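Below is coords.cif, which holds mmCIF, N, CA, C and O atoms.
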data_work
loop_
_atom_site.label_atom_id
_atom_site.label_comp_id
_atom_site.auth_asym_id
_atom_site.auth_seq_id
_atom_site.Cartn_x
_atom_site.Cartn_y
_atom_site.Cartn_z
N GLY J 1 -15.89 12.59 -6.29
CA GLY J 1 -15.77 11.75 -5.13
C GLY J 1 -14.57 10.82 -5.25
O GLY J 1 -13.88 10.78 -6.26
N LEU J 2 -14.33 10.08 -4.21
CA LEU J 2 -13.23 9.12 -4.19
C LEU J 2 -13.62 7.86 -4.94
O LEU J 2 -14.77 7.45 -4.92
N ARG J 3 -12.64 7.25 -5.58
CA ARG J 3 -12.86 5.98 -6.29
C ARG J 3 -11.53 5.25 -6.36
O ARG J 3 -10.45 5.85 -6.22
N ALA J 4 -11.58 3.97 -6.57
CA ALA J 4 -10.37 3.14 -6.66
C ALA J 4 -9.46 3.68 -7.76
O ALA J 4 -9.92 4.03 -8.85
N GLY J 5 -8.17 3.79 -7.46
CA GLY J 5 -7.19 4.23 -8.43
C GLY J 5 -6.99 5.74 -8.50
O GLY J 5 -6.07 6.21 -9.17
N LEU J 6 -7.82 6.53 -7.82
CA LEU J 6 -7.70 7.98 -7.83
C LEU J 6 -6.53 8.40 -6.94
O LEU J 6 -6.43 7.96 -5.80
N PRO J 7 -5.61 9.24 -7.45
CA PRO J 7 -4.51 9.71 -6.61
C PRO J 7 -5.05 10.56 -5.46
O PRO J 7 -5.92 11.41 -5.67
N VAL J 8 -4.55 10.32 -4.26
CA VAL J 8 -4.99 11.08 -3.09
C VAL J 8 -3.78 11.50 -2.25
O VAL J 8 -2.68 10.98 -2.40
N LEU J 9 -4.03 12.43 -1.37
CA LEU J 9 -3.05 12.89 -0.40
C LEU J 9 -3.69 12.72 0.97
O LEU J 9 -4.82 13.15 1.19
N ALA J 10 -2.98 12.04 1.89
CA ALA J 10 -3.47 11.86 3.26
C ALA J 10 -2.75 12.86 4.16
O ALA J 10 -1.52 12.94 4.15
N LEU J 11 -3.51 13.62 4.93
CA LEU J 11 -2.95 14.66 5.79
C LEU J 11 -3.40 14.44 7.24
O LEU J 11 -4.51 13.99 7.49
N CYS J 12 -2.51 14.79 8.17
CA CYS J 12 -2.88 14.81 9.59
C CYS J 12 -1.93 15.75 10.30
O CYS J 12 -0.82 16.01 9.83
N LYS J 13 -2.34 16.26 11.44
CA LYS J 13 -1.49 17.13 12.24
C LYS J 13 -0.40 16.29 12.90
O LYS J 13 -0.65 15.16 13.32
N ALA J 14 0.79 16.85 13.03
CA ALA J 14 1.87 16.14 13.71
C ALA J 14 1.49 15.80 15.14
O ALA J 14 1.87 14.75 15.67
N THR J 15 0.69 16.66 15.78
CA THR J 15 0.29 16.40 17.17
C THR J 15 -0.65 15.21 17.29
O THR J 15 -0.83 14.67 18.36
N ALA J 16 -1.25 14.78 16.16
CA ALA J 16 -2.13 13.61 16.17
C ALA J 16 -1.36 12.32 15.94
O ALA J 16 -1.91 11.23 16.04
N MET J 17 -0.07 12.42 15.62
CA MET J 17 0.77 11.27 15.29
C MET J 17 1.60 10.86 16.51
O MET J 17 2.44 11.61 16.96
N GLN J 18 1.32 9.68 17.04
CA GLN J 18 2.08 9.13 18.18
C GLN J 18 3.25 8.32 17.63
O GLN J 18 3.07 7.50 16.74
N VAL J 19 4.45 8.54 18.16
CA VAL J 19 5.64 7.81 17.72
C VAL J 19 6.26 7.12 18.93
O VAL J 19 6.38 7.70 20.00
N ALA J 20 6.65 5.85 18.76
CA ALA J 20 7.28 5.08 19.83
C ALA J 20 8.04 3.91 19.21
O ALA J 20 7.88 3.60 18.03
N GLN J 21 8.87 3.25 20.03
CA GLN J 21 9.60 2.08 19.53
C GLN J 21 8.62 0.98 19.14
O GLN J 21 8.79 0.32 18.13
N ARG J 22 7.59 0.78 19.96
CA ARG J 22 6.55 -0.22 19.68
C ARG J 22 5.20 0.37 20.07
O ARG J 22 5.09 1.03 21.10
N ILE J 23 4.19 0.09 19.26
CA ILE J 23 2.83 0.54 19.55
C ILE J 23 1.91 -0.66 19.33
O ILE J 23 1.99 -1.32 18.29
N ALA J 24 1.05 -0.92 20.29
CA ALA J 24 0.11 -2.05 20.17
C ALA J 24 -0.85 -1.80 19.02
O ALA J 24 -1.36 -0.69 18.87
N PRO J 25 -1.11 -2.83 18.21
CA PRO J 25 -2.06 -2.68 17.10
C PRO J 25 -3.45 -2.31 17.60
O PRO J 25 -3.85 -2.67 18.70
N SER J 26 -4.18 -1.57 16.78
CA SER J 26 -5.54 -1.17 17.10
C SER J 26 -6.33 -1.06 15.81
O SER J 26 -5.80 -0.62 14.79
N SER J 27 -7.60 -1.42 15.88
CA SER J 27 -8.44 -1.35 14.68
C SER J 27 -8.84 0.08 14.34
O SER J 27 -9.35 0.34 13.26
N THR J 28 -8.60 1.02 15.26
CA THR J 28 -9.00 2.41 15.00
C THR J 28 -7.82 3.32 14.67
O THR J 28 -7.98 4.51 14.51
N ARG J 29 -6.62 2.74 14.59
CA ARG J 29 -5.43 3.55 14.29
C ARG J 29 -4.73 3.04 13.03
O ARG J 29 -4.69 1.84 12.77
N ASN J 30 -4.19 3.96 12.28
CA ASN J 30 -3.35 3.63 11.14
C ASN J 30 -1.93 3.50 11.67
O ASN J 30 -1.42 4.39 12.33
N MET J 31 -1.29 2.38 11.39
CA MET J 31 0.04 2.08 11.90
C MET J 31 1.06 2.16 10.77
O MET J 31 0.83 1.63 9.68
N LEU J 32 2.19 2.80 11.05
CA LEU J 32 3.25 2.96 10.06
C LEU J 32 4.59 2.60 10.70
O LEU J 32 4.81 2.90 11.87
N GLN J 33 5.46 1.97 9.94
CA GLN J 33 6.79 1.59 10.41
C GLN J 33 7.82 2.42 9.67
O GLN J 33 7.68 2.66 8.47
N GLY J 34 8.84 2.89 10.39
CA GLY J 34 9.86 3.69 9.74
C GLY J 34 11.16 3.72 10.51
O GLY J 34 11.34 2.98 11.48
N VAL J 35 12.05 4.59 10.06
CA VAL J 35 13.36 4.76 10.69
C VAL J 35 13.46 6.21 11.16
O VAL J 35 13.14 7.14 10.40
N VAL J 36 13.88 6.41 12.40
CA VAL J 36 14.01 7.75 12.96
C VAL J 36 15.11 8.52 12.22
O VAL J 36 16.22 8.01 12.05
N THR J 37 14.78 9.73 11.78
CA THR J 37 15.77 10.60 11.14
C THR J 37 16.15 11.77 12.04
O THR J 37 17.20 12.36 11.87
N ARG J 38 15.27 12.10 13.01
CA ARG J 38 15.53 13.19 13.95
C ARG J 38 14.66 12.97 15.16
O ARG J 38 13.50 12.57 15.04
N ALA J 39 15.21 13.21 16.35
CA ALA J 39 14.43 13.06 17.59
C ALA J 39 14.81 14.16 18.58
O ALA J 39 15.98 14.40 18.82
N SER J 40 13.80 14.80 19.13
CA SER J 40 14.00 15.82 20.15
C SER J 40 14.54 15.16 21.42
O SER J 40 14.18 14.04 21.75
N ARG J 41 15.39 15.87 22.13
CA ARG J 41 15.93 15.35 23.39
C ARG J 41 15.22 15.97 24.58
O ARG J 41 15.70 15.88 25.70
N ALA J 42 14.09 16.59 24.35
CA ALA J 42 13.35 17.24 25.43
C ALA J 42 12.93 16.23 26.48
O ALA J 42 12.47 15.13 26.17
N ALA J 43 13.09 16.58 27.74
CA ALA J 43 12.76 15.68 28.85
C ALA J 43 11.27 15.33 28.86
O ALA J 43 10.89 14.24 29.29
N ALA J 44 10.44 16.23 28.36
CA ALA J 44 9.00 15.99 28.36
C ALA J 44 8.52 15.33 27.08
O ALA J 44 7.34 15.29 26.79
N GLY J 45 9.43 14.77 26.29
CA GLY J 45 9.06 14.19 25.00
C GLY J 45 9.20 15.26 23.93
O GLY J 45 9.68 16.36 24.19
N GLY J 46 8.80 14.94 22.73
CA GLY J 46 8.90 15.95 21.68
C GLY J 46 8.80 15.38 20.29
O GLY J 46 8.42 14.22 20.10
N GLU J 47 9.16 16.21 19.32
CA GLU J 47 9.03 15.83 17.92
C GLU J 47 10.00 14.72 17.53
O GLU J 47 11.15 14.72 17.95
N VAL J 48 9.50 13.83 16.68
CA VAL J 48 10.32 12.76 16.10
C VAL J 48 9.98 12.71 14.62
O VAL J 48 8.80 12.70 14.24
N SER J 49 11.00 12.68 13.77
CA SER J 49 10.80 12.52 12.32
C SER J 49 11.12 11.09 11.94
O SER J 49 12.12 10.53 12.39
N LEU J 50 10.26 10.51 11.11
CA LEU J 50 10.45 9.15 10.60
C LEU J 50 10.52 9.17 9.09
O LEU J 50 9.80 9.94 8.44
N ARG J 51 11.33 8.28 8.52
CA ARG J 51 11.34 8.05 7.07
C ARG J 51 10.72 6.68 6.87
O ARG J 51 11.21 5.67 7.39
N LEU J 52 9.63 6.63 6.13
CA LEU J 52 8.97 5.37 5.84
C LEU J 52 9.69 4.64 4.71
O LEU J 52 10.52 5.24 4.01
N GLY J 53 9.40 3.38 4.51
CA GLY J 53 10.03 2.59 3.46
C GLY J 53 9.87 3.19 2.08
O GLY J 53 10.74 3.03 1.22
N SER J 54 8.78 3.91 1.85
CA SER J 54 8.52 4.54 0.56
C SER J 54 9.36 5.80 0.35
O SER J 54 9.35 6.37 -0.73
N GLY J 55 10.04 6.25 1.43
CA GLY J 55 10.81 7.48 1.36
C GLY J 55 10.07 8.68 1.91
O GLY J 55 10.66 9.76 2.08
N VAL J 56 8.79 8.54 2.18
CA VAL J 56 7.99 9.62 2.75
C VAL J 56 8.48 9.93 4.16
O VAL J 56 8.77 9.02 4.93
N GLN J 57 8.60 11.22 4.47
CA GLN J 57 8.97 11.67 5.82
C GLN J 57 7.71 12.10 6.55
O GLN J 57 6.82 12.70 5.94
N LEU J 58 7.63 11.79 7.84
CA LEU J 58 6.53 12.29 8.65
C LEU J 58 7.06 12.75 9.99
O LEU J 58 8.15 12.35 10.41
N VAL J 59 6.31 13.60 10.65
CA VAL J 59 6.68 14.12 11.97
C VAL J 59 5.56 13.81 12.93
O VAL J 59 4.38 14.03 12.62
N GLY J 60 5.91 13.31 14.09
CA GLY J 60 4.94 13.04 15.15
C GLY J 60 5.56 13.38 16.48
O GLY J 60 6.65 13.95 16.55
N PHE J 61 4.88 12.99 17.55
CA PHE J 61 5.36 13.28 18.89
C PHE J 61 5.53 12.01 19.69
O PHE J 61 4.72 11.09 19.58
N ALA J 62 6.59 11.96 20.48
CA ALA J 62 6.88 10.83 21.35
C ALA J 62 6.78 11.29 22.80
O ALA J 62 7.01 12.45 23.12
N ALA J 63 6.47 10.34 23.68
CA ALA J 63 6.34 10.62 25.11
C ALA J 63 7.71 10.83 25.75
O ALA J 63 8.75 10.48 25.17
N ALA J 64 7.70 11.37 26.94
CA ALA J 64 8.93 11.57 27.71
C ALA J 64 9.66 10.24 27.87
O ALA J 64 9.03 9.20 28.02
N GLY J 65 10.99 10.29 27.79
CA GLY J 65 11.79 9.08 27.96
C GLY J 65 11.69 8.10 26.81
O GLY J 65 11.93 6.91 26.98
N HIS J 66 11.36 8.60 25.63
CA HIS J 66 11.12 7.72 24.48
C HIS J 66 12.36 6.94 24.04
O HIS J 66 12.25 5.85 23.51
N GLY J 67 13.55 7.46 24.24
CA GLY J 67 14.78 6.74 23.90
C GLY J 67 15.04 6.57 22.41
O GLY J 67 15.91 5.80 22.01
N LEU J 68 14.28 7.26 21.56
CA LEU J 68 14.46 7.12 20.11
C LEU J 68 15.66 7.94 19.65
O LEU J 68 15.88 9.05 20.11
N LYS J 69 16.43 7.36 18.73
CA LYS J 69 17.61 8.02 18.17
C LYS J 69 17.63 7.81 16.67
O LYS J 69 17.12 6.81 16.17
N PRO J 70 18.25 8.73 15.94
CA PRO J 70 18.36 8.56 14.49
C PRO J 70 18.95 7.20 14.14
O PRO J 70 19.89 6.73 14.78
N GLY J 71 18.34 6.56 13.15
CA GLY J 71 18.76 5.23 12.71
C GLY J 71 17.98 4.10 13.34
O GLY J 71 18.00 2.98 12.84
N HIS J 72 17.26 4.36 14.44
CA HIS J 72 16.45 3.33 15.11
C HIS J 72 15.13 3.13 14.39
O HIS J 72 14.55 4.07 13.85
N SER J 73 14.64 1.89 14.42
CA SER J 73 13.29 1.62 13.92
C SER J 73 12.28 2.15 14.91
O SER J 73 12.53 2.15 16.11
N ALA J 74 11.15 2.60 14.41
CA ALA J 74 10.09 3.10 15.27
C ALA J 74 8.76 2.93 14.54
O ALA J 74 8.72 2.67 13.34
N MET J 75 7.69 3.08 15.31
CA MET J 75 6.34 3.00 14.76
C MET J 75 5.64 4.33 14.97
O MET J 75 5.94 5.06 15.93
N ALA J 76 4.72 4.63 14.09
CA ALA J 76 3.87 5.81 14.23
C ALA J 76 2.43 5.34 14.13
O ALA J 76 2.11 4.42 13.38
N ALA J 77 1.56 5.98 14.90
CA ALA J 77 0.14 5.63 14.87
C ALA J 77 -0.67 6.92 14.86
O ALA J 77 -0.35 7.88 15.56
N VAL J 78 -1.72 6.93 14.07
CA VAL J 78 -2.64 8.06 14.04
C VAL J 78 -4.06 7.49 14.01
O VAL J 78 -4.35 6.55 13.28
N ASN J 79 -4.91 8.04 14.86
CA ASN J 79 -6.30 7.62 14.91
C ASN J 79 -6.97 7.93 13.58
O ASN J 79 -6.70 8.98 12.98
N GLU J 80 -7.83 7.05 13.12
CA GLU J 80 -8.47 7.24 11.81
C GLU J 80 -9.25 8.55 11.73
O GLU J 80 -9.35 9.14 10.65
N ALA J 81 -9.74 9.06 12.84
CA ALA J 81 -10.48 10.33 12.83
C ALA J 81 -9.56 11.52 12.61
O ALA J 81 -10.02 12.60 12.28
N GLY J 82 -8.25 11.32 12.76
CA GLY J 82 -7.29 12.41 12.59
C GLY J 82 -6.73 12.53 11.19
O GLY J 82 -5.84 13.34 10.95
N VAL J 83 -7.22 11.72 10.26
CA VAL J 83 -6.71 11.72 8.89
C VAL J 83 -7.71 12.36 7.94
O VAL J 83 -8.90 12.05 8.00
N VAL J 84 -7.22 13.26 7.10
CA VAL J 84 -8.05 13.89 6.07
C VAL J 84 -7.52 13.43 4.72
O VAL J 84 -6.30 13.45 4.49
N ILE J 85 -8.40 13.00 3.83
CA ILE J 85 -8.02 12.54 2.50
C ILE J 85 -8.41 13.61 1.48
O ILE J 85 -9.55 14.09 1.48
N ALA J 86 -7.46 13.98 0.62
CA ALA J 86 -7.72 14.97 -0.43
C ALA J 86 -7.44 14.34 -1.79
O ALA J 86 -6.40 13.72 -1.98
N ALA J 87 -8.38 14.47 -2.71
CA ALA J 87 -8.18 13.99 -4.07
C ALA J 87 -7.22 14.93 -4.79
O ALA J 87 -7.37 16.14 -4.72
N THR J 88 -6.20 14.35 -5.43
CA THR J 88 -5.22 15.17 -6.14
C THR J 88 -5.35 15.09 -7.65
O THR J 88 -4.66 15.79 -8.35
N GLY J 89 -6.18 14.21 -8.13
CA GLY J 89 -6.31 14.04 -9.58
C GLY J 89 -7.65 14.44 -10.11
O GLY J 89 -8.55 14.86 -9.47
#
Full structure transcribed into structure tokens:
Amino acid sequence: GLRAGLPVLALCKATAMQVAQRIAPSSTRNMLQGVVTRASRAAAGGEVSLRLGSGVQLVGFAAAGHGLKPGHSAMAAVNEAGVVIAATG
């Protein structure tokens, strides 16, 4: 089982990850801050890659007209029900 100090891996589908310039805080979502490394220019929105402060890269989806560009700060949010935790140790 899980215990304090155990190495874990957190996984979620990219489609469960919302990316935007600003996202209102919520007690049911995990919030992450990062820098855009790649953003789709699709009119209907699309994939956005973020690099977190730790160096971890993640991919999520932004709404149409998101205006995100590489080098811009952005936030990512994923509902707690969309996260799976796997013990790695």
#### Entry: Between atom CA of J:Thr15 and atom CA of J:Ser27, distance in Å (one decimal)
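Computing it gives 19.9 Å between the two atoms.
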With 8 Å as the cut-off and all atoms listed in the file counted, what is the closest atom pair between each nearby residue of stretch 17-48 of chain J and stretch 73-82 of chain J? Distances in Å to one decimal, ordered by chain and number, as a Markdown table.
| residue | atom | partner | partner_atom | distance |
| --- | --- | --- | --- | --- |
| J:Met17 | CA | J:Ala77 | O | 3.6 |
| J:Gln18 | O | J:Ala77 | N | 2.8 |
| J:Val19 | CA | J:Met75 | O | 3.3 |
| J:Ala20 | O | J:Met75 | N | 2.8 |
| J:Gln21 | O | J:Met75 | N | 4.1 |
| J:Arg22 | N | J:Met75 | N | 5.2 |
| J:Ile23 | N | J:Met75 | CA | 5.8 |
| J:Ala24 | O | J:Ala77 | CA | 7.6 |
| J:Ser26 | O | J:Val78 | O | 7.5 |
| J:Ser27 | O | J:Glu80 | N | 6.9 |
| J:Thr28 | O | J:Glu80 | N | 2.9 |
| J:Arg29 | CA | J:Val78 | O | 3.3 |
| J:Asn30 | N | J:Val78 | O | 2.8 |
| J:Met31 | CA | J:Ala76 | O | 3.5 |
| J:Leu32 | O | J:Ala76 | N | 2.8 |
| J:Gln33 | CA | J:Ala74 | O | 3.7 |
| J:Gly34 | N | J:Ala74 | O | 3.0 |
| J:Val35 | CA | J:Ser73 | CA | 4.5 |
| J:Val36 | N | J:Ser73 | N | 5.0 |
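Going from atom C of J:Val84 to atom C of J:Arg3 covers 14.3 Å.
Atom CA of J:Ala10 sits 18.9 Å away from atom CA of J:Val48.
Once the PyMOL selection byres ((chain J and resi 38) around 4.5) is applied to the depicted file, the selected set reads Val36, Thr37, Ala39, Ser40, Glu47, Val48 and Ser49 of chain J.
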Please produce an output containing N, CA, C and O atoms for each residue in the selection, written as a tab-separated table (two decimals), in the coordinates of the input.
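The resulting file, out26.tsv, is reproduced below:
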chain	number	residue	atom	x	y	z
J	36	VAL	N	13.88	6.41	12.40
J	36	VAL	CA	14.01	7.75	12.96
J	36	VAL	C	15.11	8.52	12.22
J	36	VAL	O	16.22	8.01	12.05
J	37	THR	N	14.78	9.73	11.78
J	37	THR	CA	15.77	10.60	11.14
J	37	THR	C	16.15	11.77	12.04
J	37	THR	O	17.20	12.36	11.87
J	39	ALA	N	15.21	13.21	16.35
J	39	ALA	CA	14.43	13.06	17.59
J	39	ALA	C	14.81	14.16	18.58
J	39	ALA	O	15.98	14.40	18.82
J	40	SER	N	13.80	14.80	19.13
J	40	SER	CA	14.00	15.82	20.15
J	40	SER	C	14.54	15.16	21.42
J	40	SER	O	14.18	14.04	21.75
J	47	GLU	N	9.16	16.21	19.32
J	47	GLU	CA	9.03	15.83	17.92
J	47	GLU	C	10.00	14.72	17.53
J	47	GLU	O	11.15	14.72	17.95
J	48	VAL	N	9.50	13.83	16.68
J	48	VAL	CA	10.32	12.76	16.10
J	48	VAL	C	9.98	12.71	14.62
J	48	VAL	O	8.80	12.70	14.24
J	49	SER	N	11.00	12.68	13.77
J	49	SER	CA	10.80	12.52	12.32
J	49	SER	C	11.12	11.09	11.94
J	49	SER	O	12.12	10.53	12.39
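For the residues J:Leu2, J:Ala44, J:Leu11, J:Val83, ranking by smallest atom-to-atom distance to J:Ala64 using only N, CA, C and O atoms places J:Ala44 first.
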### Task
Enumerate, as a ChimeraX atom specification, the complete set of residues in chain J that a backbone-based DSSP assignment places in strand (DSSP E or B).
/J:8-11,17-20,29-39,46-52,57-62,73-79,84-87
### Message
Using only C-alpha atoms and a cutoff of 8 Å, can you tell me which residues are near (5.3, 18.9, 14.6) in the file's coordinates, and write them out as a PyMOL selection string?
### Response
chain J and resi 13-15+47+59-61
### Message
Taking all atoms listed in the file into account, name the residue in J:Val8, J:Ala63, J:Ile85, J:Ala16 that is nearest to J:Gly45.
### Response
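Among the listed residues, the smallest separation from J:Gly45 belongs to J:Ala63.
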